[in-house]
Amino acid sequence: MNWEMALQQEGARWRAASSPGSADVDRMLRGTMQRLERSGLRTEEALALLGHLLEPLCGRSAAESAMAAASRRCGGVTGRTWRAFVASLSELIGSFCGMAAGRLIGQAGLSLEVA
């Protein structure tokens, strides 16, 4: 299975669980992170992976807008600004897609090792 497909499936799982409880969120996050572990990515690859995870959660337009806004907030996305970008993106996604989606994006983003 390729990464795009895996991320789309994870996003669909989260969307299907529209309002999971805290224990469910933690269980889903652990499972998602185990399935998505990846390291040594270029910034563009990491952004593409997060974009594929975001699209099923909030739609393509909202995903692109949130990623652009988070990038502006941290002064652009590089290996050095990756953590700030992910924190900002997580906050934005949490505000309009719900806390569980924001946590997913935050943990997924921080699990990616960006060069």
# chains A, B, ... in the order shown; residues from 1 in each chain; ligands from 1
$ residues_around --residues "range 75-88 of chain A" --least-positions-apart "5" --cutoff "12 Å" --atoms "only C-alpha atoms" --output "PyMOL selection string"
chain A and resi 40-47+50-51+66-70+93-95+102-115
$ atom_distance --atom1 "CA of Ala62 in chain A" --atom2 "CA of Ala6 in chain A"
20.2 Å
$ closest_residue --among "A:Gln9, A:Leu89, A:Phe96, A:Ala101" --to "His52 in chain A" --atoms "only C-alpha atoms"
A:Gln9
$ atom_distance --atom1 "CA of Met5 in chain A" --atom2 "CA of Glu91 in chain A"
24.9 Å
$ atom_distance --atom1 "CA of Ser71 in chain A" --atom2 "CA of Cys58 in chain A"
17.7 Å
